[in-house]
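Visitor: So here's work_23.txt (compact mmCIF, C-alpha atoms).
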# COMPACT_ATOMS: atom_id res chain seq x y z
CA MET N 1 76.34 145.43 248.21
CA GLU N 2 75.11 141.91 247.98
CA GLU N 3 72.29 141.47 245.51
CA ILE N 4 68.92 140.77 247.11
CA THR N 5 67.03 137.83 245.63
CA THR N 6 63.25 138.12 245.49
CA TRP N 7 60.46 135.66 244.87
CA GLU N 8 59.88 137.09 241.42
CA SER N 9 63.55 137.00 240.47
CA ALA N 10 63.72 133.37 241.58
CA ALA N 11 60.78 132.62 239.31
CA GLN N 12 62.67 134.06 236.38
CA ASP N 13 65.77 131.85 236.79
CA PRO N 14 66.56 130.00 233.58
CA ALA N 15 65.36 126.39 233.33
CA PRO N 16 67.96 123.63 233.61
CA VAL N 17 69.60 123.05 230.23
CA GLU N 18 69.58 119.53 228.84
CA PRO N 19 73.15 118.27 228.57
CA THR N 20 74.42 118.09 225.02
CA PRO N 21 75.66 114.59 224.08
CA ILE N 22 79.33 114.40 223.25
CA VAL N 23 79.98 113.16 219.74
CA GLU N 24 83.40 111.71 219.17
CA ALA N 25 85.11 112.88 216.00
CA PRO N 26 86.25 110.12 213.56
CA GLU N 27 89.90 109.29 213.46
CA PRO N 28 91.71 111.23 210.71
CA VAL N 29 92.98 109.28 207.74
CA GLU N 30 96.76 109.37 207.49
CA THR N 31 96.83 109.72 203.69
CA GLN N 32 94.53 112.79 203.70
CA PRO N 33 96.02 115.97 205.15
CA ALA N 34 93.97 118.00 207.61
CA ALA N 35 94.21 121.03 205.32
CA THR N 36 91.91 119.36 202.76
CA LEU N 37 88.98 119.16 205.18
CA GLU N 38 86.13 121.16 203.74
CA LYS N 39 84.15 123.60 205.87
CA PRO N 40 80.36 123.61 205.65
CA GLU N 41 79.00 126.23 203.36
CA ALA N 42 77.96 129.38 205.18
CA ALA N 43 74.48 130.72 204.81
CA PRO N 44 74.18 133.28 202.01
CA LEU N 45 74.61 136.79 203.28
CA GLU N 46 72.67 139.79 202.12
CA ALA N 47 74.54 142.24 200.01
CA GLU N 48 76.05 144.95 202.10
CA PRO N 49 75.90 148.54 200.90
CA SER N 50 79.03 149.84 199.30
CA PRO N 51 81.32 151.43 201.83
CA ALA N 52 81.38 155.16 201.95
CA ARG N 53 84.35 157.05 200.75
CA GLU N 54 87.04 157.71 203.26
CA SER N 55 86.40 161.42 203.03
CA GLU N 56 82.69 160.89 203.78
CA ILE N 57 83.24 158.77 206.88
CA VAL N 58 82.65 160.86 209.95
CA THR N 59 84.18 159.50 213.11
CA PRO N 60 81.86 160.34 216.00
CA GLU N 61 83.56 162.13 218.84
CA PRO N 62 83.53 160.23 222.12
CA ALA N 63 80.96 161.55 224.52
CA LYS N 64 82.45 163.47 227.37
CA GLU N 65 81.37 162.25 230.75
CA GLU N 66 80.09 164.92 233.03
CA PRO N 67 82.04 165.06 236.29
CA LYS N 68 80.15 163.96 239.35
CA ALA N 69 79.38 166.42 242.08
CA GLU N 70 81.83 164.66 244.39
CA GLU N 71 84.70 164.81 241.91
CA TYR N 72 87.28 167.56 241.90
CA VAL N 73 87.65 169.53 238.67
CA ALA N 74 91.16 170.89 238.29
CA GLU N 75 91.88 174.29 236.74
CA VAL N 76 94.94 175.68 235.02
CA ASN N 77 96.02 178.02 237.80
CA ASP N 78 95.64 175.46 240.60
CA PRO N 79 98.80 175.08 242.66
CA ALA N 80 100.55 171.72 242.64
CA GLU N 81 99.88 171.25 246.34
CA ILE N 82 96.15 170.79 245.62
CA ALA N 83 96.76 168.06 243.03
CA ALA N 84 98.97 166.21 245.52
CA LEU N 85 96.15 165.77 248.05
CA PRO N 86 94.75 162.22 248.30
CA THR N 87 90.96 162.65 248.15
CA PRO N 88 88.56 164.80 246.08
CA ALA N 89 87.06 166.24 249.26
CA ALA N 90 90.46 167.41 250.46
CA LYS N 91 91.19 168.93 247.06
CA LYS N 92 87.86 170.81 247.00
CA TRP N 93 88.45 172.15 250.51
CA ALA N 94 91.98 173.29 249.62
CA LYS N 95 90.73 174.89 246.39
CA ARG N 96 88.14 176.83 248.34
CA GLN N 97 90.77 178.11 250.77
CA PHE N 98 92.96 179.07 247.82
CA LYS N 99 90.18 181.14 246.25
CA ASP N 100 89.21 182.73 249.56
CA ALA N 101 92.80 183.93 249.97
CA GLU N 102 92.83 185.61 246.55
CA PRO N 103 91.86 189.11 247.88
CA LEU N 104 94.73 188.97 250.37
CA ARG N 105 97.18 188.02 247.62
CA ASN N 106 95.94 190.94 245.50
CA PHE N 107 96.20 193.28 248.51
CA LEU N 108 99.84 192.33 249.09
CA ALA N 109 100.71 192.53 245.37
CA TYR N 110 102.07 196.08 245.04
CA ASP N 111 101.63 196.09 241.27
CA HIS N 112 97.92 195.25 241.60
CA PRO N 113 95.59 198.32 241.52
CA ILE N 114 94.13 198.91 244.95
CA ALA N 115 90.86 199.96 243.30
CA ASP N 116 90.44 196.42 241.97
CA PHE N 117 91.00 195.09 245.48
CA ALA N 118 88.29 197.37 246.87
CA SER N 119 85.93 196.45 244.03
CA ASP N 120 86.49 192.77 244.74
CA LEU N 121 85.65 193.28 248.40
CA GLN N 122 82.48 195.15 247.50
CA LYS N 123 81.36 192.35 245.15
CA ARG N 124 81.96 189.70 247.78
CA SER N 125 79.90 191.52 250.43
CA THR N 126 78.41 194.98 249.99
CA THR N 127 77.44 195.28 253.63
CA ARG N 128 80.89 194.35 254.88
CA TYR N 129 82.47 196.79 252.45
CA GLN N 130 80.22 199.57 253.77
CA ALA N 131 81.19 198.63 257.31
CA LEU N 132 84.86 198.89 256.28
CA VAL N 133 84.29 202.38 254.84
CA ASP N 134 82.53 203.45 258.04
CA ASP N 135 85.42 202.11 260.09
CA LEU N 136 87.95 204.05 257.99
CA ALA N 137 85.93 207.26 258.38
CA THR N 138 85.65 206.77 262.15
CA ASN N 139 89.28 205.92 262.83
CA HIS N 140 91.00 208.12 260.21
CA PRO N 141 88.98 211.38 260.03
CA ASP N 142 92.06 213.64 259.78
CA TYR N 143 93.45 211.67 256.85
CA LEU N 144 90.15 211.84 254.96
CA SER N 145 89.68 215.56 255.79
CA ASN N 146 93.19 216.42 254.61
CA LYS N 147 92.55 214.39 251.46
CA LEU N 148 89.24 216.15 250.74
CA PHE N 149 89.65 219.69 252.18
CA GLY N 150 93.39 220.09 252.83
CA VAL N 151 92.89 220.70 256.56
CA PRO N 152 92.38 218.47 259.63
CA PHE N 153 88.90 217.33 260.47
CA GLU N 154 88.20 219.70 263.41
CA GLN N 155 89.36 222.72 261.41
CA ALA N 156 87.21 221.75 258.45
CA LYS N 157 84.27 221.21 260.81
CA ALA N 158 84.69 224.69 262.34
CA GLN N 159 84.94 226.34 258.95
CA LEU N 160 81.81 224.64 257.75
CA LYS N 161 79.91 225.83 260.84
CA SER N 162 81.11 229.45 260.41
CA ASN N 163 80.04 229.51 256.77
CA VAL N 164 76.46 228.49 257.50
CA PRO N 165 74.25 231.62 257.40
CA THR N 166 72.07 232.20 260.45
CA PRO N 167 68.43 232.40 259.42
CA THR N 168 66.75 235.70 260.41
CA PRO N 169 63.34 235.21 261.97
CA LYS N 170 60.49 236.84 260.08
CA PRO N 171 58.54 239.44 262.05
CA GLN N 172 55.09 238.36 262.97
CA ILE N 173 52.42 240.85 261.98
CA ASP N 174 49.34 240.76 264.15
CA GLN N 175 46.27 241.64 262.19
CA PRO N 176 43.95 244.01 264.03
CA THR N 177 40.64 242.65 265.11
CA GLY N 178 37.83 245.18 265.49
CA ILE N 179 38.00 249.00 265.11
CA PRO N 180 41.20 250.57 266.45
CA PRO N 181 40.81 253.54 268.82
CA GLU N 182 42.26 256.04 266.33
CA LEU N 183 39.41 255.32 263.90
CA GLU N 184 36.68 256.02 266.42
CA GLY N 185 34.70 259.11 265.63
CA LEU N 186 35.47 258.96 261.91
CA ALA N 187 32.91 258.94 259.15
CA PRO N 188 30.87 255.74 258.77
CA GLU N 189 32.23 255.24 255.23
CA VAL N 190 35.81 255.01 256.52
CA ILE N 191 34.82 252.57 259.22
CA GLU N 192 32.94 250.42 256.64
CA GLN N 193 35.97 250.34 254.34
CA PHE N 194 38.15 249.24 257.23
CA THR N 195 35.70 246.52 258.17
CA GLN N 196 35.53 245.21 254.60
CA ARG N 197 39.33 245.12 254.42
CA GLU N 198 39.52 243.16 257.66
CA GLN N 199 36.95 240.68 256.39
CA ALA N 200 38.89 240.20 253.15
CA LEU N 201 42.08 239.53 255.12
CA ALA N 202 40.25 237.03 257.32
CA GLN N 203 38.92 235.20 254.27
CA GLU N 204 42.42 235.11 252.75
CA ARG N 205 43.82 233.66 255.98
CA ALA N 206 41.07 231.06 256.05
CA ALA N 207 41.79 230.11 252.42
CA LYS N 208 45.51 229.76 253.18
CA GLU N 209 44.76 227.61 256.20
CA ALA N 210 42.48 225.43 254.09
CA ILE N 211 45.20 225.02 251.46
CA ALA N 212 47.77 224.20 254.14
CA GLN N 213 45.43 221.62 255.62
CA LYS N 214 44.86 220.10 252.19
CA VAL N 215 48.61 219.90 251.58
CA ALA N 216 49.05 218.24 254.96
CA ASP N 217 46.36 215.70 254.09
CA LEU N 218 48.03 215.00 250.75
CA GLU N 219 51.38 214.52 252.48
CA LYS N 220 49.82 212.01 254.84
CA GLN N 221 48.30 210.15 251.91
CA LEU N 222 51.68 210.18 250.14
CA GLU N 223 53.38 208.81 253.24
CA ALA N 224 50.76 206.08 253.46
CA VAL N 225 51.26 205.13 249.81
CA THR N 226 55.05 205.27 250.14
CA GLY N 227 54.90 203.15 253.25
CA LYS N 228 52.68 200.66 251.45
CA ILE N 229 55.13 200.45 248.55
CA THR N 230 58.02 200.04 250.96
CA ASN N 231 56.11 197.34 252.79
CA GLN N 232 55.44 195.52 249.51
CA GLU N 233 59.12 195.70 248.60
CA THR N 234 60.01 194.35 252.03
CA GLN N 235 57.58 191.46 251.65
CA ALA N 236 58.98 190.67 248.20
CA GLN N 237 62.52 190.66 249.57
CA LYS N 238 61.48 188.39 252.44
CA ALA N 239 59.86 185.97 249.97
CA GLU N 240 62.98 186.03 247.80
CA ILE N 241 65.23 185.33 250.80
CA SER N 242 62.99 182.52 252.03
CA ALA N 243 62.92 180.90 248.56
CA LYS N 244 66.72 181.00 248.35
CA GLN N 245 67.10 179.49 251.82
CA ASN N 246 64.70 176.69 250.93
CA GLU N 247 66.60 176.05 247.71
CA ILE N 248 69.88 175.68 249.59
CA TYR N 249 68.24 173.43 252.18
CA ASP N 250 66.78 171.13 249.51
CA GLN N 251 70.12 170.84 247.71
CA VAL N 252 72.01 170.00 250.90
CA TRP N 253 69.58 167.43 252.29
CA SER N 254 69.05 165.69 248.97
CA VAL N 255 72.01 163.57 250.14
CA VAL N 256 69.64 161.67 252.45
CA GLU N 257 67.52 160.25 249.63
CA GLU N 258 70.68 159.65 247.64
CA GLY N 259 72.15 157.71 250.58
CA ILE N 260 68.98 155.67 250.99
CA ARG N 261 69.12 154.61 247.33
CA ASN N 262 72.82 153.82 247.48
CA SER N 263 72.26 151.74 250.62
CA GLY N 264 69.72 149.52 248.85
CA LEU N 265 66.83 150.74 251.00
CA GLU N 266 64.66 151.94 248.14
CA ILE N 267 61.54 149.76 248.04
CA LEU N 268 61.21 147.75 244.83
CA PRO N 269 57.99 146.31 243.39
CA THR N 270 59.47 142.82 243.72
CA ASP N 271 60.24 143.13 247.45
CA PRO N 272 58.28 140.75 249.73
CA PRO N 273 56.23 142.49 252.44
CA ARG N 274 58.72 141.61 255.19
CA ILE N 275 61.69 143.16 253.36
CA ALA N 276 59.63 146.18 252.27
CA ASN N 277 58.65 146.85 255.90
CA LEU N 278 62.25 146.58 257.07
CA LYS N 279 63.40 148.99 254.35
CA THR N 280 60.66 151.45 255.32
CA ALA N 281 61.72 151.33 258.98
CA ALA N 282 65.40 151.91 258.18
CA ALA N 283 64.66 154.77 255.76
CA LYS N 284 62.40 156.43 258.32
CA ILE N 285 65.15 156.41 260.95
CA LEU N 286 67.66 157.83 258.48
CA ARG N 287 65.33 160.64 257.40
CA GLN N 288 64.46 161.59 260.98
CA GLU N 289 67.86 161.30 262.61
CA ALA N 290 70.26 162.63 259.94
CA GLU N 291 69.55 166.31 260.56
CA PRO N 292 69.71 166.08 264.40
CA ALA N 293 73.04 164.27 264.04
CA PHE N 294 74.20 167.10 261.78
CA ASP N 295 73.16 169.74 264.33
CA LYS N 296 75.20 168.09 267.11
CA VAL N 297 78.42 169.30 265.44
CA ASP N 298 79.15 172.93 266.37
CA GLU N 299 81.06 173.65 263.18
CA ASN N 300 78.03 172.56 261.11
CA THR N 301 75.71 174.96 262.91
CA LYS N 302 78.22 177.79 262.46
CA ILE N 303 78.21 177.27 258.69
CA VAL N 304 74.39 177.17 258.64
CA LYS N 305 74.27 180.40 260.64
CA TYR N 306 76.65 182.01 258.14
CA VAL N 307 74.46 180.86 255.23
CA PHE N 308 71.37 182.40 256.84
CA GLU N 309 73.25 185.63 257.52
CA ALA N 310 74.44 185.82 253.92
CA THR N 311 70.97 185.18 252.50
CA ASN N 312 69.38 187.72 254.86
CA ARG N 313 71.84 190.25 253.47
CA ARG N 314 70.84 189.04 249.98
CA GLU N 315 74.43 188.06 249.24
CA TYR N 316 73.44 184.76 247.67
CA ASP N 317 76.77 183.94 246.04
CA ASN N 318 78.45 183.73 249.44
CA ALA N 319 75.69 181.43 250.68
CA MET N 320 75.73 179.16 247.61
CA ARG N 321 79.47 178.65 247.98
CA GLU N 322 78.81 176.66 251.15
CA ILE N 323 76.54 174.05 249.52
CA ASP N 324 79.30 171.55 248.73
CA ASN N 325 80.74 171.96 252.21
CA LEU N 326 77.35 171.36 253.81
CA LYS N 327 76.71 168.34 251.58
CA VAL N 328 79.90 166.68 252.77
CA ARG N 329 78.91 167.28 256.38
CA ALA N 330 75.34 166.08 255.76
CA ARG N 331 76.67 162.82 254.25
CA ALA N 332 78.85 162.33 257.32
CA ALA N 333 75.79 162.75 259.55
CA PHE N 334 73.84 160.29 257.38
CA GLU N 335 76.61 157.69 257.65
CA SER N 336 76.78 158.10 261.42
CA VAL N 337 73.06 157.30 261.67
CA LYS N 338 73.42 154.44 259.19
CA ASN N 339 76.15 152.91 261.40
CA SER N 340 74.03 153.23 264.55
CA PRO N 341 72.97 149.94 266.24
CA ASP N 342 69.29 150.29 265.29
CA VAL N 343 69.88 150.77 261.57
CA LYS N 344 72.65 148.15 261.43
CA GLU N 345 70.33 145.58 263.00
CA ILE N 346 67.63 146.33 260.42
CA LEU N 347 70.14 146.02 257.57
CA GLN N 348 71.26 142.65 258.94
CA GLN N 349 67.64 141.45 259.09
CA ILE N 350 67.11 142.52 255.48
CA GLN N 351 70.19 140.58 254.42
CA ALA N 352 69.11 137.52 256.41
CA GLU N 353 65.62 137.62 254.92
CA ALA N 354 67.03 137.83 251.42
CA GLN N 355 69.38 134.87 251.97
CA SER N 356 66.80 132.65 253.66
CA LYS N 357 64.37 132.59 250.72
CA PRO N 358 64.00 129.06 249.29
CA SER N 359 64.88 128.56 245.67
CA ARG N 360 62.30 127.17 243.26
CA PRO N 361 62.32 126.11 239.60
CA ALA N 362 61.60 128.72 237.01
CA ASN N 363 58.62 126.77 235.54
CA PRO N 364 56.68 124.70 238.11
CA VAL N 365 55.46 122.22 235.48
CA PRO N 366 55.47 118.45 236.24
CA PRO N 367 57.39 116.10 233.93
CA ALA N 368 55.63 115.13 230.76
CA PRO N 369 53.99 111.70 230.78
CA GLY N 370 56.28 108.91 229.65
CA SER N 371 59.47 110.82 230.31
CA SER N 372 62.19 108.62 231.70
CA VAL N 373 64.14 109.42 234.82
CA GLY N 374 67.23 111.47 234.14
CA VAL N 375 65.86 112.86 230.87
CA ALA N 376 64.64 116.42 231.05
CA PRO N 377 61.16 116.85 229.54
CA LYS N 378 60.44 119.44 226.93
CA GLN N 379 59.85 122.83 228.47
CA PRO N 380 56.72 124.77 227.45
CA GLY N 381 57.31 127.85 225.36
CA THR N 382 54.03 129.61 226.17
CA TRP N 383 51.55 129.72 229.00
CA ASP N 384 49.00 127.72 226.96
CA GLU N 385 51.56 124.95 226.39
CA ALA N 386 52.29 124.82 230.10
CA VAL N 387 48.55 124.44 230.91
CA SER N 388 48.13 121.72 228.26
CA MET N 389 51.11 119.77 229.58
CA ALA N 390 49.81 120.04 233.15
CA GLN N 391 46.37 118.74 232.08
CA ALA N 392 47.97 115.86 230.20
CA ALA N 393 49.99 114.91 233.27
CA SER N 394 46.83 114.71 235.38
Have the structure of the file written as structure tokens, please.

Guide:
Amino acid sequence: MEEITTWESAAQDPAPVEPTPIVEAPEPVETQPAATLEKPEAAPLEAEPSPARESEIVTPEPAKEEPKAEEYVAEVNDPAEIAALPTPAAKKWAKRQFKDAEPLRNFLAYDHPIADFASDLQKRSTTRYQALVDDLATNHPDYLSNKLFGVPFEQAKAQLKSNVPTPTPKPQIDQPTGIPPELEGLAPEVIEQFTQREQALAQERAAKEAIAQKVADLEKQLEAVTGKITNQETQAQKAEISAKQNEIYDQVWSVVEEGIRNSGLEILPTDPPRIANLKTAAAKILRQEAEPAFDKVDENTKIVKYVFEATNRREYDNAMREIDNLKVRARAAFESVKNSPDVKEILQQIQAEAQSKPSRPANPVPPAPGSSVGVAPKQPGTWDEAVSMAQAAS
């Protein structure tokens, strides 16, 4: 990108250098060889410290450059077809497909334990693994029943039903209320004993009912507390999911600010107001239009939907794997907006404004009095010298 010249940078241009007069060297004398010419004595040098022993010299290791996010990092087991691809983006996409196909390769490898294959599936997505188990139980009940009980499913089901004991209902005993007819005409002492016994039974029933009611109240309180705990856990999970989704969003759409900087639209302190306003307008369009341009592509929205589904299931590894893919697509959306007529026109105006700025000398100081035409005056070394020279000229 062409460098933008500002008023301040023009003020810092170096002052014109006074031409150095050319001094002709004297003709060499034929009788004196050129090898006898003596060189001027060099300035005395300070004594250098004695060099360290060879065994004490430590050669610093060269610093390893960290690979950029856009670069492809090869691994030992990568197939040669990936290395033959032309661009890093193509290599990253092919590497991702290669890794995604690893479970299928393990499934078809007859020497690979099938338990490892199932464990790999469960790690990749617990919910999908559970759905697979449910599907196997629904579509292959006889196989599972023969494996577990040695008989088909319907036979095992019938045997289980026949082995369940039928609960016998308890007889209900109605407690008598009042004096039964067979006790009429008996002695008052017998009737009083019967009445006392009935009262004791009534009190016992009332106490049992009170205990049962208390237990029921405690169960309700326990359900309320359990529901509150469950609700708190649900809220914590929702907050965790939302935080992870926001993290992924921020990582993906950081490419917009990166693109603005790389496009030279970051406002500098030395920018004139006109250029600063044009940069602000272009950056605003890019920030507002990049995401809508991204959403116009159906494949982009499908990947975003998958990321949200994975995070809602709390399978964050599957969601994080899509960040690089989404970044590539977000950059493509950013570039499409950058190449739109509105933004291109603003970029052209910025370039025109930068090229149309008049140049000016680095030090606007008039020539010193008495200086002849064609001879550059002495340039001031400090601000005070510049002021003194200007006052002398007036």

Visitor: One number please: atom CA of Tyr143 of chain N to atom CA of Asn106 of chain N, in Å, one decimal.

Guide: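 Computed distance, atom CA of Tyr143 of chain N to atom CA of Asn106 of chain N, equals 23.8 Å.
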
Visitor: Find the spatial neighbours of segment 74-76 of chain N, counting all atoms listed in the file, within a cut-off of 10 Å - ignore same-chain residues fewer than 2 positions away - and output them as a PyMOL selection string.

Guide: chain N and resi 71-72+78-79+82-83+91-92+95

Visitor: Which of these residues is nearest to Val256 of chain N, using all atoms listed in the file: N:Tyr316, N:Tyr306, N:Phe294, N:Phe334?

Guide: N:Phe334

Visitor: Leaving out Glu353 of chain N and any residue of its chain fewer than 5 positions from it, which residues lie within 9 Å of it when counting all atoms listed in the file, given as a list in words?

Guide: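 Using all atoms listed in the file, the neighbours found are Arg274, Ile275 and Gln348 of chain N.
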
Visitor: Quick one: which segment 254-317 of chain N residues come within 12 Å of segment 237-240 of chain N, and what is the nearest atom pair for each with the distance in Å to one decimal, counting only C-alpha atoms, rows ordered by chain and ascending number, as JSON lines?

Guide:
{"residue": "N:Thr311", "atom": "CA", "partner": "N:Glu240", "partner_atom": "CA", "distance": 9.3}
{"residue": "N:Asn312", "atom": "CA", "partner": "N:Lys238", "partner_atom": "CA", "distance": 8.3}
{"residue": "N:Arg313", "atom": "CA", "partner": "N:Gln237", "partner_atom": "CA", "distance": 10.1}
{"residue": "N:Arg314", "atom": "CA", "partner": "N:Gln237", "partner_atom": "CA", "distance": 8.5}
{"residue": "N:Glu315", "atom": "CA", "partner": "N:Glu240", "partner_atom": "CA", "distance": 11.7}
{"residue": "N:Tyr316", "atom": "CA", "partner": "N:Glu240", "partner_atom": "CA", "distance": 10.5}

Visitor: In Å, with one decimal, what is the gap from atom CA of Lys305 of chain N to atom CA of Phe98 of chain N?

Guide: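 About the pair atom CA of Lys305 of chain N and atom CA of Phe98 of chain N: they are 22.7 Å apart.
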
Visitor: Take atom CA of Gly264 of chain N and atom CA of Leu326 of chain N and report the distance between them in Å, one decimal.

Guide: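 Result for atom CA of Gly264 of chain N versus atom CA of Leu326 of chain N: 23.7 Å, one decimal.
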
Visitor: Got a sec: who's within 12 Å of Ala332 of chain N, counting all atoms listed in the file, leaving out chain neighbours fewer than 2 positions off, as a compact mmCIF listing (two decimals) with C-alpha atoms, keeping the file's coordinate frame?

Guide:
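This went into part-v7.txt:
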# COMPACT_ATOMS: atom_id res chain seq x y z
CA TRP N 253 69.58 167.43 252.29
CA VAL N 255 72.01 163.57 250.14
CA VAL N 256 69.64 161.67 252.45
CA GLY N 259 72.15 157.71 250.58
CA ALA N 290 70.26 162.63 259.94
CA GLU N 291 69.55 166.31 260.56
CA ALA N 293 73.04 164.27 264.04
CA PHE N 294 74.20 167.10 261.78
CA ASP N 295 73.16 169.74 264.33
CA LYS N 296 75.20 168.09 267.11
CA VAL N 297 78.42 169.30 265.44
CA ASN N 300 78.03 172.56 261.11
CA ASN N 325 80.74 171.96 252.21
CA LEU N 326 77.35 171.36 253.81
CA LYS N 327 76.71 168.34 251.58
CA VAL N 328 79.90 166.68 252.77
CA ARG N 329 78.91 167.28 256.38
CA ALA N 330 75.34 166.08 255.76
CA PHE N 334 73.84 160.29 257.38
CA GLU N 335 76.61 157.69 257.65
CA SER N 336 76.78 158.10 261.42
CA VAL N 337 73.06 157.30 261.67
CA LYS N 338 73.42 154.44 259.19
CA ASN N 339 76.15 152.91 261.40
